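S.K.: My structure is in final.txt, and what it holds is compact mmCIF, C-alpha atoms and all ligand atoms:
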```
# COMPACT_ATOMS: atom_id res chain seq x y z
CA MET A 15 -75.81 37.88 -60.93
CA ILE A 16 -73.11 35.81 -59.22
CA ASP A 17 -71.51 32.97 -61.14
CA PHE A 18 -68.78 30.78 -59.62
CA SER A 19 -68.36 28.51 -62.62
CA LEU A 20 -65.09 28.50 -64.56
CA SER A 21 -64.92 29.00 -68.30
CA ASP A 22 -63.36 26.31 -70.51
CA GLU A 23 -60.36 28.64 -71.01
CA HIS A 24 -59.94 28.96 -67.24
CA LYS A 25 -60.17 25.19 -66.82
CA ALA A 26 -57.54 24.61 -69.50
CA LEU A 27 -55.21 27.22 -67.98
CA ILE A 28 -55.56 25.74 -64.50
CA GLU A 29 -54.93 22.26 -65.88
CA THR A 30 -51.72 23.43 -67.61
CA ALA A 31 -50.48 25.07 -64.40
CA LYS A 32 -51.46 22.05 -62.33
CA ARG A 33 -49.54 19.68 -64.59
CA PHE A 34 -46.51 21.99 -64.61
CA SER A 35 -46.59 22.20 -60.81
CA ARG A 36 -46.75 18.44 -60.37
CA GLU A 37 -44.32 17.47 -63.12
CA ARG A 38 -41.75 20.29 -63.07
CA ILE A 39 -41.90 22.00 -59.67
CA ALA A 40 -42.84 19.44 -56.99
CA PRO A 41 -40.19 16.84 -57.93
CA ILE A 42 -37.30 19.29 -57.42
CA ALA A 43 -38.77 21.41 -54.61
CA ALA A 44 -37.09 19.55 -51.71
CA ALA A 45 -33.65 19.67 -53.35
CA CYS A 46 -33.97 23.38 -54.21
CA ASP A 47 -35.05 24.05 -50.62
CA HIS A 48 -32.12 22.10 -49.26
CA GLU A 49 -29.58 23.77 -51.55
CA SER A 50 -31.28 27.20 -51.34
CA ARG A 51 -31.23 27.33 -55.13
CA PHE A 52 -33.67 28.81 -57.59
CA PRO A 53 -34.01 26.49 -60.59
CA THR A 54 -33.64 28.89 -63.53
CA GLU A 55 -34.63 26.07 -65.88
CA VAL A 56 -38.09 26.12 -64.27
CA MET A 57 -38.42 29.81 -65.09
CA GLU A 58 -37.44 29.06 -68.68
CA ALA A 59 -40.03 26.29 -68.97
CA ALA A 60 -42.74 28.40 -67.29
CA HIS A 61 -41.96 31.25 -69.67
CA GLU A 62 -42.32 28.91 -72.61
CA LEU A 63 -45.79 27.89 -71.40
CA GLY A 64 -46.85 31.46 -70.64
CA LEU A 65 -47.16 30.85 -66.89
CA VAL A 66 -45.11 33.93 -65.86
CA ASN A 67 -45.57 37.65 -66.53
CA MET A 68 -49.15 36.76 -67.45
CA THR A 69 -50.60 40.21 -66.84
CA VAL A 70 -48.42 42.02 -69.40
CA PRO A 71 -50.74 43.53 -72.04
CA PRO A 72 -50.58 42.11 -75.59
CA GLU A 73 -49.17 45.38 -77.01
CA TYR A 74 -46.02 44.70 -74.95
CA GLY A 75 -45.76 41.06 -75.93
CA GLY A 76 -47.79 39.56 -73.08
CA ALA A 77 -50.90 37.44 -72.84
CA GLY A 78 -52.91 40.27 -71.29
CA MET A 79 -54.41 37.97 -68.68
CA GLY A 80 -56.33 39.34 -65.73
CA GLU A 81 -55.38 39.27 -62.06
CA LEU A 82 -57.86 36.42 -61.58
CA GLU A 83 -56.15 34.15 -64.12
CA ASN A 84 -52.76 35.10 -62.70
CA ALA A 85 -53.89 34.24 -59.17
CA MET A 86 -55.51 30.95 -60.18
CA VAL A 87 -52.28 29.88 -61.89
CA THR A 88 -50.34 30.99 -58.81
CA GLU A 89 -52.47 28.71 -56.62
CA GLN A 90 -51.60 25.72 -58.77
CA LEU A 91 -47.87 26.51 -58.95
CA ALA A 92 -47.73 27.07 -55.18
CA TRP A 93 -48.92 23.50 -54.60
CA GLY A 94 -45.53 22.44 -55.99
CA CYS A 95 -43.40 24.97 -54.08
CA THR A 96 -44.18 28.44 -52.76
CA GLY A 97 -40.48 29.35 -52.84
CA ILE A 98 -40.19 28.75 -56.57
CA THR A 99 -43.57 30.42 -57.16
CA THR A 100 -42.54 33.47 -55.10
CA SER A 101 -39.62 34.01 -57.47
CA MET A 102 -41.96 33.85 -60.45
CA LEU A 103 -44.35 36.25 -58.72
CA ALA A 104 -41.55 38.69 -57.93
CA ASN A 105 -41.59 39.42 -61.65
CA THR A 106 -45.26 40.35 -61.34
CA LEU A 107 -44.39 42.56 -58.36
CA ALA A 108 -41.80 44.38 -60.48
CA LEU A 109 -43.83 44.63 -63.68
CA THR A 110 -47.01 45.85 -61.95
CA PRO A 111 -45.72 49.37 -61.08
CA ILE A 112 -44.47 49.71 -64.66
CA LYS A 113 -47.86 48.63 -65.96
CA LEU A 114 -49.58 51.07 -63.60
CA GLY A 115 -47.25 54.05 -63.81
CA GLY A 116 -44.89 53.63 -66.73
CA ASN A 117 -44.95 55.55 -70.01
CA ASP A 118 -45.18 53.79 -73.34
CA GLU A 119 -41.42 53.77 -73.87
CA GLN A 120 -40.77 52.23 -70.44
CA LYS A 121 -43.46 49.61 -70.98
CA LYS A 122 -42.12 48.70 -74.40
CA LYS A 123 -38.60 48.33 -73.11
CA TYR A 124 -39.07 46.63 -69.74
CA LEU A 125 -42.33 44.70 -70.08
CA GLY A 126 -41.12 43.71 -73.55
CA MET A 127 -37.86 42.47 -72.01
CA LEU A 128 -39.76 40.13 -69.69
CA THR A 129 -41.98 38.69 -72.38
CA ALA A 130 -39.31 38.33 -75.09
CA GLU A 131 -37.24 35.84 -73.13
CA PRO A 132 -37.09 34.25 -69.67
CA ARG A 133 -35.76 37.05 -67.47
CA PHE A 134 -36.12 38.07 -63.86
CA ALA A 135 -37.01 41.44 -62.36
CA ALA A 136 -37.04 42.72 -58.77
CA TYR A 137 -39.02 45.25 -56.74
CA ALA A 138 -37.32 47.14 -53.94
CA THR A 139 -38.96 49.19 -51.24
CA THR A 140 -37.58 47.49 -48.11
CA GLU A 141 -34.37 48.60 -46.40
CA PRO A 142 -32.54 47.41 -43.28
CA GLY A 143 -34.27 50.19 -41.31
CA ALA A 144 -37.66 50.31 -43.04
CA GLY A 145 -39.97 47.43 -43.93
CA SER A 146 -43.52 47.90 -42.66
CA ASP A 147 -42.93 51.64 -42.57
CA VAL A 148 -42.44 52.19 -46.31
CA ALA A 149 -42.59 55.97 -45.85
CA GLY A 150 -39.51 55.65 -43.61
CA ILE A 151 -37.09 54.65 -46.39
CA ARG A 152 -33.73 56.42 -46.45
CA THR A 153 -32.32 55.48 -49.87
CA LYS A 154 -31.81 58.92 -51.39
CA PHE A 155 -32.15 60.28 -54.86
CA SER A 156 -30.80 63.60 -56.01
CA GLN A 157 -30.98 65.31 -59.37
CA LYS A 158 -27.80 65.70 -61.44
CA GLY A 159 -28.54 67.65 -64.59
CA ASP A 160 -31.31 65.71 -66.29
CA ASP A 161 -30.43 62.48 -64.52
CA PHE A 162 -30.86 61.13 -60.99
CA VAL A 163 -28.34 59.68 -58.58
CA LEU A 164 -29.31 56.97 -56.06
CA ASN A 165 -27.49 56.15 -52.82
CA GLY A 166 -28.55 53.70 -50.13
CA GLN A 167 -29.25 50.08 -49.38
CA LYS A 168 -32.18 47.76 -50.04
CA ALA A 169 -32.80 44.57 -48.08
CA TRP A 170 -34.71 41.33 -48.64
CA ILE A 171 -35.00 41.80 -52.38
CA THR A 172 -36.49 38.75 -54.08
CA ASN A 173 -34.84 37.81 -57.40
CA ALA A 174 -32.05 40.35 -56.86
CA GLY A 175 -29.38 37.79 -57.72
CA PHE A 176 -30.92 37.17 -61.14
CA ALA A 177 -32.76 40.38 -61.99
CA SER A 178 -32.17 42.16 -65.30
CA PHE A 179 -33.70 45.31 -63.82
CA PHE A 180 -34.98 46.66 -60.51
CA VAL A 181 -37.88 48.94 -59.64
CA ILE A 182 -36.38 51.00 -56.81
CA PHE A 183 -38.12 53.41 -54.45
CA ALA A 184 -36.06 56.29 -53.04
CA THR A 185 -36.63 59.61 -51.30
CA SER A 186 -35.40 63.16 -51.85
CA ASP A 187 -35.42 63.69 -48.09
CA PRO A 188 -36.42 61.10 -45.43
CA ALA A 189 -38.03 63.89 -43.36
CA LYS A 190 -40.64 64.34 -46.10
CA ARG A 191 -41.86 60.76 -45.48
CA HIS A 192 -44.29 59.60 -48.21
CA LYS A 193 -44.22 63.01 -49.92
CA GLY A 194 -40.52 62.63 -50.77
CA ILE A 195 -40.70 59.22 -52.44
CA ALA A 196 -40.10 58.61 -56.15
CA ALA A 197 -39.66 55.37 -58.14
CA PHE A 198 -37.02 54.44 -60.72
CA ILE A 199 -36.28 51.58 -63.09
CA VAL A 200 -32.63 50.65 -62.72
CA ASP A 201 -30.79 48.33 -65.10
CA ARG A 202 -28.80 45.63 -63.40
CA ASP A 203 -25.49 46.54 -65.03
CA THR A 204 -25.66 50.20 -63.92
CA PRO A 205 -22.34 51.11 -62.24
CA GLY A 206 -22.70 51.40 -58.46
CA LEU A 207 -25.52 48.82 -58.15
CA LYS A 208 -24.14 45.85 -56.25
CA VAL A 209 -26.08 42.72 -55.32
CA ASP A 210 -24.71 41.40 -52.05
CA LYS A 211 -25.48 38.78 -49.41
CA HIS A 212 -27.87 35.99 -50.42
CA GLU A 213 -30.02 35.38 -47.33
CA ASP A 214 -29.94 31.93 -45.72
CA LYS A 215 -33.67 31.67 -45.01
CA LEU A 216 -35.96 29.56 -42.81
CA GLY A 217 -38.32 28.74 -45.66
CA GLN A 218 -39.11 29.44 -49.30
CA ARG A 219 -35.41 28.77 -49.70
CA ALA A 220 -35.66 28.25 -53.45
CA SER A 221 -36.44 31.95 -53.85
CA ASN A 222 -33.45 34.22 -54.22
CA THR A 223 -33.33 37.00 -51.60
CA CYS A 224 -30.44 39.47 -51.44
CA VAL A 225 -29.20 42.78 -50.15
CA VAL A 226 -28.68 45.48 -52.82
CA HIS A 227 -26.22 48.37 -52.40
CA LEU A 228 -26.62 51.58 -54.37
CA GLU A 229 -23.59 53.84 -54.55
CA ASP A 230 -23.79 56.87 -56.82
CA VAL A 231 -26.03 54.95 -59.21
CA VAL A 232 -26.85 57.27 -62.13
CA VAL A 233 -30.36 56.72 -63.48
CA PRO A 234 -31.27 58.48 -66.75
CA LYS A 235 -34.34 60.69 -66.62
CA GLN A 236 -36.22 58.37 -69.00
CA ASN A 237 -36.13 55.74 -66.20
CA LEU A 238 -38.03 57.87 -63.72
CA LEU A 239 -41.16 55.79 -63.10
CA ALA A 240 -42.93 57.97 -60.55
CA PRO A 241 -41.85 61.52 -59.65
CA GLU A 242 -41.33 62.76 -56.11
CA GLY A 243 -44.57 62.51 -54.16
CA GLU A 244 -46.02 59.83 -56.44
CA GLY A 245 -43.73 56.90 -55.56
CA PHE A 246 -45.45 55.99 -52.30
CA LYS A 247 -48.87 55.88 -53.96
CA LEU A 248 -47.46 53.69 -56.70
CA ALA A 249 -45.96 51.30 -54.13
CA MET A 250 -49.28 51.03 -52.29
CA GLU A 251 -51.30 50.54 -55.47
CA THR A 252 -48.86 47.83 -56.54
CA PHE A 253 -49.40 45.95 -53.26
CA ASN A 254 -53.14 46.30 -53.68
CA GLN A 255 -52.81 44.51 -57.02
CA THR A 256 -50.41 41.80 -55.86
CA ARG A 257 -51.82 40.90 -52.43
CA PRO A 258 -54.49 38.58 -53.88
CA ASP A 259 -51.56 36.53 -55.21
CA ILE A 260 -50.40 35.91 -51.64
CA GLY A 261 -53.89 34.57 -50.89
CA ALA A 262 -53.46 32.32 -53.92
CA LEU A 263 -50.03 31.16 -52.72
CA ALA A 264 -51.60 30.37 -49.35
CA THR A 265 -54.40 28.39 -50.99
CA GLY A 266 -51.96 26.27 -53.00
CA LEU A 267 -49.82 25.62 -49.95
CA MET A 268 -52.87 24.64 -47.88
CA GLN A 269 -54.14 22.33 -50.62
CA ARG A 270 -50.75 20.56 -50.56
CA CYS A 271 -51.00 20.26 -46.75
CA LEU A 272 -54.45 18.74 -47.07
CA ASP A 273 -53.52 16.33 -49.86
CA GLU A 274 -50.44 15.10 -47.99
CA SER A 275 -52.33 14.90 -44.68
CA VAL A 276 -55.30 12.96 -46.06
CA ALA A 277 -53.03 10.42 -47.74
CA TYR A 278 -50.96 9.99 -44.59
CA ALA A 279 -53.97 9.83 -42.26
CA LYS A 280 -55.58 7.08 -44.31
CA ASP A 281 -52.39 5.04 -44.24
CA ARG A 282 -51.04 5.54 -40.72
CA LYS A 283 -52.66 3.31 -38.10
CA THR A 284 -52.82 3.82 -34.33
CA PHE A 285 -54.94 1.85 -31.89
CA GLY A 286 -55.81 -0.53 -34.72
CA VAL A 287 -57.39 2.02 -37.08
CA PRO A 288 -56.16 4.62 -39.59
CA ILE A 289 -55.64 7.95 -37.80
CA ALA A 290 -58.13 9.45 -40.30
CA GLU A 291 -60.82 7.75 -38.18
CA HIS A 292 -59.87 9.67 -35.03
CA GLN A 293 -62.17 12.63 -34.62
CA MET A 294 -59.46 15.05 -33.51
CA VAL A 295 -57.49 14.29 -36.67
CA GLN A 296 -60.67 14.66 -38.72
CA ALA A 297 -61.23 18.09 -37.15
CA MET A 298 -57.80 19.25 -38.34
CA LEU A 299 -58.51 17.96 -41.86
CA ALA A 300 -61.92 19.65 -41.89
CA ASP A 301 -60.42 22.98 -40.75
CA MET A 302 -57.86 22.73 -43.56
CA ALA A 303 -60.61 22.22 -46.15
CA VAL A 304 -62.59 25.21 -44.84
CA GLY A 305 -59.48 27.41 -44.88
CA ILE A 306 -58.75 26.48 -48.48
CA GLU A 307 -62.24 27.21 -49.72
CA ALA A 308 -62.55 30.49 -47.80
CA THR A 309 -59.15 31.78 -48.90
CA ARG A 310 -59.83 30.80 -52.50
CA LEU A 311 -63.08 32.77 -52.47
CA LEU A 312 -61.35 35.79 -50.93
CA TYR A 313 -58.44 35.92 -53.36
CA GLN A 314 -60.74 35.32 -56.31
CA LYS A 315 -63.05 38.13 -55.21
CA ALA A 316 -60.10 40.50 -54.66
CA ALA A 317 -58.68 39.63 -58.11
CA TRP A 318 -62.10 39.87 -59.76
CA ASN A 319 -62.52 43.36 -58.23
CA LEU A 320 -59.22 44.44 -59.76
CA ASP A 321 -60.12 43.03 -63.18
CA ASN A 322 -63.54 44.67 -63.14
CA GLY A 323 -62.55 48.10 -61.86
CA VAL A 324 -64.27 47.65 -58.50
CA ARG A 325 -62.31 49.84 -56.07
CA ASP A 326 -62.33 47.90 -52.78
CA PRO A 327 -58.68 47.38 -51.70
CA ILE A 328 -59.71 46.10 -48.27
CA VAL A 329 -60.61 42.76 -49.91
CA SER A 330 -56.99 42.36 -51.10
CA SER A 331 -55.91 42.75 -47.47
CA TYR A 332 -58.58 40.26 -46.32
CA ALA A 333 -57.24 37.71 -48.82
CA LYS A 334 -53.65 38.32 -47.75
CA VAL A 335 -54.10 38.23 -43.98
CA PHE A 336 -56.69 35.46 -43.82
CA GLY A 337 -54.81 33.29 -46.30
CA ALA A 338 -51.43 33.79 -44.62
CA ASP A 339 -52.72 33.10 -41.12
CA ARG A 340 -54.77 30.06 -42.21
CA ALA A 341 -51.81 28.69 -44.16
CA MET A 342 -49.60 28.98 -41.07
CA GLN A 343 -52.12 27.11 -38.89
CA THR A 344 -52.85 24.57 -41.62
CA SER A 345 -49.17 23.73 -42.05
CA ILE A 346 -48.73 23.39 -38.27
CA ASP A 347 -51.66 20.96 -38.25
CA ALA A 348 -50.18 19.03 -41.17
CA VAL A 349 -46.97 18.53 -39.17
CA GLN A 350 -49.12 17.45 -36.21
CA ILE A 351 -50.96 14.86 -38.29
CA PHE A 352 -47.63 13.39 -39.40
CA GLY A 353 -46.49 13.14 -35.76
CA GLY A 354 -42.74 12.49 -35.51
CA ASN A 355 -42.57 12.01 -39.25
CA GLY A 356 -43.80 15.59 -39.64
CA TYR A 357 -40.68 16.83 -37.94
CA VAL A 358 -38.11 15.45 -40.38
CA ARG A 359 -37.10 16.24 -43.91
CA ASP A 360 -38.00 12.76 -45.20
CA TYR A 361 -41.62 13.96 -45.40
CA PRO A 362 -42.84 17.09 -47.21
CA VAL A 363 -44.80 18.84 -44.46
CA GLU A 364 -42.00 20.43 -42.38
CA LYS A 365 -41.04 22.41 -45.50
CA LEU A 366 -44.64 23.56 -45.89
CA MET A 367 -44.58 24.89 -42.32
CA ARG A 368 -41.32 26.78 -42.89
CA ASP A 369 -42.59 28.12 -46.22
CA ALA A 370 -45.93 29.27 -44.79
CA LYS A 371 -44.30 31.62 -42.25
CA LEU A 372 -43.13 33.99 -44.95
CA LEU A 373 -46.70 34.56 -46.13
CA GLN A 374 -47.33 36.38 -42.83
CA ILE A 375 -44.29 38.62 -43.32
CA TYR A 376 -43.74 39.87 -46.87
CA GLU A 377 -45.95 42.29 -48.84
CA GLY A 378 -47.21 43.73 -45.55
CA THR A 379 -47.13 41.65 -42.36
CA SER A 380 -50.30 40.19 -40.85
CA GLN A 381 -50.22 43.01 -38.29
CA VAL A 382 -49.94 45.66 -41.02
CA GLN A 383 -52.86 44.09 -42.92
CA ARG A 384 -54.97 44.30 -39.77
CA LEU A 385 -53.95 47.94 -39.35
CA VAL A 386 -55.02 48.71 -42.92
CA ILE A 387 -58.33 46.90 -42.43
CA ALA A 388 -59.02 48.47 -39.02
CA ARG A 389 -58.20 51.96 -40.31
CA GLN A 390 -60.66 51.52 -43.12
CA ILE A 391 -63.51 50.16 -41.01
CA THR A 392 -63.13 52.82 -38.31
CA ARG A 393 -62.74 55.74 -40.68
C1 LIG A 401 -37.91 36.30 -47.85
C2 LIG A 401 -38.35 37.73 -47.98
C3 LIG A 401 -38.55 38.27 -49.25
C4 LIG A 401 -38.88 39.62 -49.38
N1 LIG A 401 -39.00 40.17 -50.64
C5 LIG A 401 -39.09 41.53 -50.75
C6 LIG A 401 -39.01 42.16 -52.04
O1 LIG A 401 -38.88 41.50 -53.08
N2 LIG A 401 -39.05 43.51 -52.09
C7 LIG A 401 -39.17 44.29 -50.97
O2 LIG A 401 -39.20 45.50 -51.09
N3 LIG A 401 -39.29 43.71 -49.74
C8 LIG A 401 -39.24 42.36 -49.60
N4 LIG A 401 -39.30 41.77 -48.36
C9 LIG A 401 -39.43 42.62 -47.19
C10 LIG A 401 -40.76 42.48 -46.46
O3 LIG A 401 -41.76 43.10 -47.19
C11 LIG A 401 -40.56 43.05 -45.05
O4 LIG A 401 -39.74 42.14 -44.33
C12 LIG A 401 -41.87 43.26 -44.32
O5 LIG A 401 -42.60 44.31 -44.90
C13 LIG A 401 -41.67 43.55 -42.83
O6 LIG A 401 -40.73 44.55 -42.65
P1 LIG A 401 -39.53 44.34 -41.59
O7 LIG A 401 -38.89 43.04 -41.89
O8 LIG A 401 -38.68 45.55 -41.63
O9 LIG A 401 -40.25 44.22 -40.19
P2 LIG A 401 -40.69 45.45 -39.27
O10 LIG A 401 -41.38 46.46 -40.07
O11 LIG A 401 -39.51 45.86 -38.47
O12 LIG A 401 -41.74 44.73 -38.32
C14 LIG A 401 -41.33 43.91 -37.22
C15 LIG A 401 -42.58 43.44 -36.49
O13 LIG A 401 -43.30 44.56 -35.98
C16 LIG A 401 -44.63 44.55 -36.48
N5 LIG A 401 -45.06 45.92 -36.72
C17 LIG A 401 -44.40 46.88 -37.41
N6 LIG A 401 -45.10 48.02 -37.43
C18 LIG A 401 -46.25 47.76 -36.76
C19 LIG A 401 -47.41 48.54 -36.43
N7 LIG A 401 -47.53 49.81 -36.82
N8 LIG A 401 -48.38 47.95 -35.71
C20 LIG A 401 -48.27 46.66 -35.31
N9 LIG A 401 -47.21 45.88 -35.58
C21 LIG A 401 -46.22 46.43 -36.31
C22 LIG A 401 -44.58 43.75 -37.76
O14 LIG A 401 -45.84 43.19 -38.08
C23 LIG A 401 -43.56 42.69 -37.38
O15 LIG A 401 -44.20 41.67 -36.67
C24 LIG A 401 -39.06 40.42 -48.22
C25 LIG A 401 -38.90 39.85 -46.96
C26 LIG A 401 -38.53 38.53 -46.82
C27 LIG A 401 -38.34 37.97 -45.42
```
Take the structure in the file and write it out as structure tokens.
Ligand SMILES: Cc1cc2nc3c(=O)[nH]c(=O)nc-3n(C[C@H](O)[C@H](O)[C@H](O)COP(=O)(O)OP(=O)(O)OC[C@H]3O[C@@H](n4cnc5c(N)ncnc54)[C@H](O)[C@@H]3O)c2cc1C
M.R.:
Amino acid sequence: MIDFSLSDEHKALIETAKRFSRERIAPIAAACDHESRFPTEVMEAAHELGLVNMTVPPEYGGAGMGELENAMVTEQLAWGCTGITTSMLANTLALTPIKLGGNDEQKKKYLGMLTAEPRFAAYATTEPGAGSDVAGIRTKFSQKGDDFVLNGQKAWITNAGFASFFVIFATSDPAKRHKGIAAFIVDRDTPGLKVDKHEDKLGQRASNTCVVHLEDVVVPKQNLLAPEGEGFKLAMETFNQTRPDIGALATGLMQRCLDESVAYAKDRKTFGVPIAEHQMVQAMLADMAVGIEATRLLYQKAAWNLDNGVRDPIVSSYAKVFGADRAMQTSIDAVQIFGGNGYVRDYPVEKLMRDAKLLQIYEGTSQVQRLVIARQITR
């Protein structure tokens, strides 16, 4: 039986997130974008309300929420600012491989760290020479006695400037491709780990994105998260779990586009009538509404699958690629509806357009999602 109704608990959770987004995130979003600053006080407040790290199991201090709840909260937060929400979600990206592959000791220490107090974590596969091609990473690990030594460079790492720990993927030998990859948990204060350049981005500027250098970084054996040959699988399984969240980010961003566009279109008059009465403007508003509903259904189905043990990762890719591409078009249309006013910072929609672009790039580009989908349907 299919049931699309929300439980009272879901409604209350969504309401809390919605209020937080409108009262705490949206009012500061433009300033944080302008200054390229992540508001750590927002993370503290979100932590207090239980709106971050939601999927950590209760035995490690978390709320033990499902992917569906996490994604529905993400949608609401993203209405306020996808940049700020991306930083919160980067914690989920880092805690997910620990949840999936970590031993009890690692979970207690690192998941417990995130739930005990407001802290950041980061997840690092990408390098200057390898983004889409995860199996092409060149950051190397070698064994030194019982410990491991990491050398290399990671690029585009969200939260790196604030992270208490990093989940880092490295290879024993780049020629081995995916078979050589292992994963490690690396504490921020480990000698040799240096967070460098903070990227000056087009959009989602409130999120913190940095380069990370690794020079003879000694990682104790108890911080090995996935042994050689298992790291690539762990990275892919992590993305499978987190891609519905990108669909949710897209939905929140599109809802903001629609809300701003409807209000503007009812107010702005041309040729003696509000522009909302012009059919070509109405068509853009209608397309936005369809995109929102369709993306919401896709991310909810993908998250529901994950929560209910239904193995169908292609739906996570559907949610990611459809949501990202619709959000891009929706934000372009929102700027169009605002006309000249859409093109300046005095109005909120130009930020939405800059923010939307990233949804098509990180956690697997729109092209890579299509590759994954096409491979599966032609297999
Ligand atoms: C703001 C930001 C935050 C990020 N946060 C993180 C993070 O926290 N952790 C992390 O590990 N990474 C992070 N990333 C990295 C992100 O995941 C990569 O940028 C992304 O995977 C693309 O890799 P690339 O930039 O190397 O592009 P490339 O892989 O070089 O791709 C360039 C272009 O070629 C296309 N392309 C590549 N291969 C194919 C193919 N086989 N078929 C068709 N087209 C193809 C791509 O779609 C793209 O259009 C972040 C990136 C950004 C911009």
S.K.: With all atoms listed in the file as the atoms that count, which of A:Tyr357, A:Phe285, A:Tyr74, A:Phe52 lies nearest to Lys123 in chain A?
M.R.: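 Nearest to Lys123 in chain A: A:Tyr74.
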S.K.: Have a look at CA of Leu207 in chain A and atom C13 of ligand LIG 401 (chain A) and let me know their distance in Å, one decimal.
M.R.: 22.9 Å
S.K.: Using all atoms listed in the file, find each residue of chain A with at least one atom at most 7 Å away from an atom of ligand LIG 401 (chain A); report its shortest atom-to-atom pair and that distance in Å (one decimal), sort the rows by chain and rising residue number, and return the result as JSON lines.
M.R.:
```
{"residue": "A:Ala104", "atom": "CA", "partner": "A:LIG401", "partner_atom": "O1", "distance": 6.2}
{"residue": "A:Ala136", "atom": "CA", "partner": "A:LIG401", "partner_atom": "O1", "distance": 6.1}
{"residue": "A:Tyr137", "atom": "CA", "partner": "A:LIG401", "partner_atom": "N2", "distance": 5.0}
{"residue": "A:Ala138", "atom": "CA", "partner": "A:LIG401", "partner_atom": "O2", "distance": 3.8}
{"residue": "A:Thr139", "atom": "CA", "partner": "A:LIG401", "partner_atom": "O2", "distance": 3.7}
{"residue": "A:Thr140", "atom": "CA", "partner": "A:LIG401", "partner_atom": "O2", "distance": 3.9}
{"residue": "A:Pro142", "atom": "CA", "partner": "A:LIG401", "partner_atom": "O8", "distance": 6.6}
{"residue": "A:Gly143", "atom": "CA", "partner": "A:LIG401", "partner_atom": "O8", "distance": 6.4}
{"residue": "A:Ala144", "atom": "CA", "partner": "A:LIG401", "partner_atom": "O8", "distance": 5.1}
{"residue": "A:Gly145", "atom": "CA", "partner": "A:LIG401", "partner_atom": "O8", "distance": 3.2}
{"residue": "A:Ser146", "atom": "CA", "partner": "A:LIG401", "partner_atom": "O10", "distance": 3.7}
{"residue": "A:Asp147", "atom": "CA", "partner": "A:LIG401", "partner_atom": "O10", "distance": 6.0}
{"residue": "A:Ala169", "atom": "CA", "partner": "A:LIG401", "partner_atom": "N3", "distance": 6.8}
{"residue": "A:Trp170", "atom": "CA", "partner": "A:LIG401", "partner_atom": "C24", "distance": 4.5}
{"residue": "A:Ile171", "atom": "CA", "partner": "A:LIG401", "partner_atom": "O1", "distance": 4.0}
{"residue": "A:Thr172", "atom": "CA", "partner": "A:LIG401", "partner_atom": "O1", "distance": 3.8}
{"residue": "A:Asn173", "atom": "CA", "partner": "A:LIG401", "partner_atom": "O1", "distance": 7.0}
{"residue": "A:Lys215", "atom": "CA", "partner": "A:LIG401", "partner_atom": "C1", "distance": 6.9}
{"residue": "A:Thr223", "atom": "CA", "partner": "A:LIG401", "partner_atom": "C3", "distance": 5.9}
{"residue": "A:Leu372", "atom": "CA", "partner": "A:LIG401", "partner_atom": "C27", "distance": 6.2}
{"residue": "A:Ile375", "atom": "CA", "partner": "A:LIG401", "partner_atom": "C12", "distance": 5.3}
{"residue": "A:Tyr376", "atom": "CA", "partner": "A:LIG401", "partner_atom": "O3", "distance": 3.8}
{"residue": "A:Glu377", "atom": "CA", "partner": "A:LIG401", "partner_atom": "O3", "distance": 4.6}
{"residue": "A:Gly378", "atom": "CA", "partner": "A:LIG401", "partner_atom": "O5", "distance": 4.7}
{"residue": "A:Thr379", "atom": "CA", "partner": "A:LIG401", "partner_atom": "O14", "distance": 4.7}
{"residue": "A:Ser380", "atom": "CA", "partner": "A:LIG401", "partner_atom": "O14", "distance": 6.0}
{"residue": "A:Gln381", "atom": "CA", "partner": "A:LIG401", "partner_atom": "O14", "distance": 4.4}
{"residue": "A:Val382", "atom": "CA", "partner": "A:LIG401", "partner_atom": "O14", "distance": 5.6}
{"residue": "A:Leu385", "atom": "CA", "partner": "A:LIG401", "partner_atom": "N8", "distance": 6.7}
```
S.K.: Would you kindly return, as a list in words, each protein, DNA or RNA residue with an atom no farther than 9 Å from any atom of Arg270 in chain A, considering only C-alpha atoms and excluding same-chain residues fewer than 5 positions away?
M.R.: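 Contacts, in chain order: Ala92, Trp93, Gly94, Thr265, Ser275, Val363 and Leu366 of chain A.
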S.K.: Have a look at A:Ile391, A:Leu373, A:Leu114, A:Val295 and name the one nearest to Thr252 in chain A; count all atoms listed in the file.
M.R.: A:Leu114
S.K.: To one decimal in Å, tell me the separation between CA of Leu27 in chain A and CA of Leu65 in chain A.
M.R.: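 The value is 8.9 Å.
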S.K.: Fewer than 4 positions away in the same chain doesn't count, so skip those; otherwise give me all residues within 10 Å of Ile182 in chain A, counting all atoms listed in the file, as a PyMOL selection string.
M.R.: chain A and resi 108+136-140+153+164+168+196-200+238-239+245+249
S.K.: Quote the spacing between CA of Val70 in chain A and CA of Val209 in chain A in Å to one decimal place.
M.R.: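 Computing it gives 26.4 Å between the two atoms.
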S.K.: Out of A:Tyr313, A:Arg33, A:Gly115, A:Ala60, which residue has the shortest atom-to-atom distance to Thr256 in chain A when counting all atoms listed in the file?
M.R.: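 Using all atoms listed in the file, Thr256 in chain A sits closest to A:Tyr313.
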S.K.: For Gln167 in chain A, which of A:Lys211, A:Lys334, A:His227, A:Lys122 is the closest residue, counting all atoms listed in the file?
M.R.: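 The answer is A:His227, which sits nearest to Gln167 in chain A.
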S.K.: Considering only C-alpha atoms, return as a count of residues only whatever protein or nucleic-acid residues lie within 12 Å of Lys193 in chain A, sequence-local ones (same chain, fewer than 2 positions apart) excluded.
M.R.: 23
S.K.: When you look at range 89-91 of chain A with a cut-off of 6 Å (counting all atoms listed in the file), what residues show up, excluding the ones that are within fewer than 3 positions of it in the same chain? I need them as a ChimeraX atom specification.
M.R.: /A:31-32,35,86,94,262-263,265-266
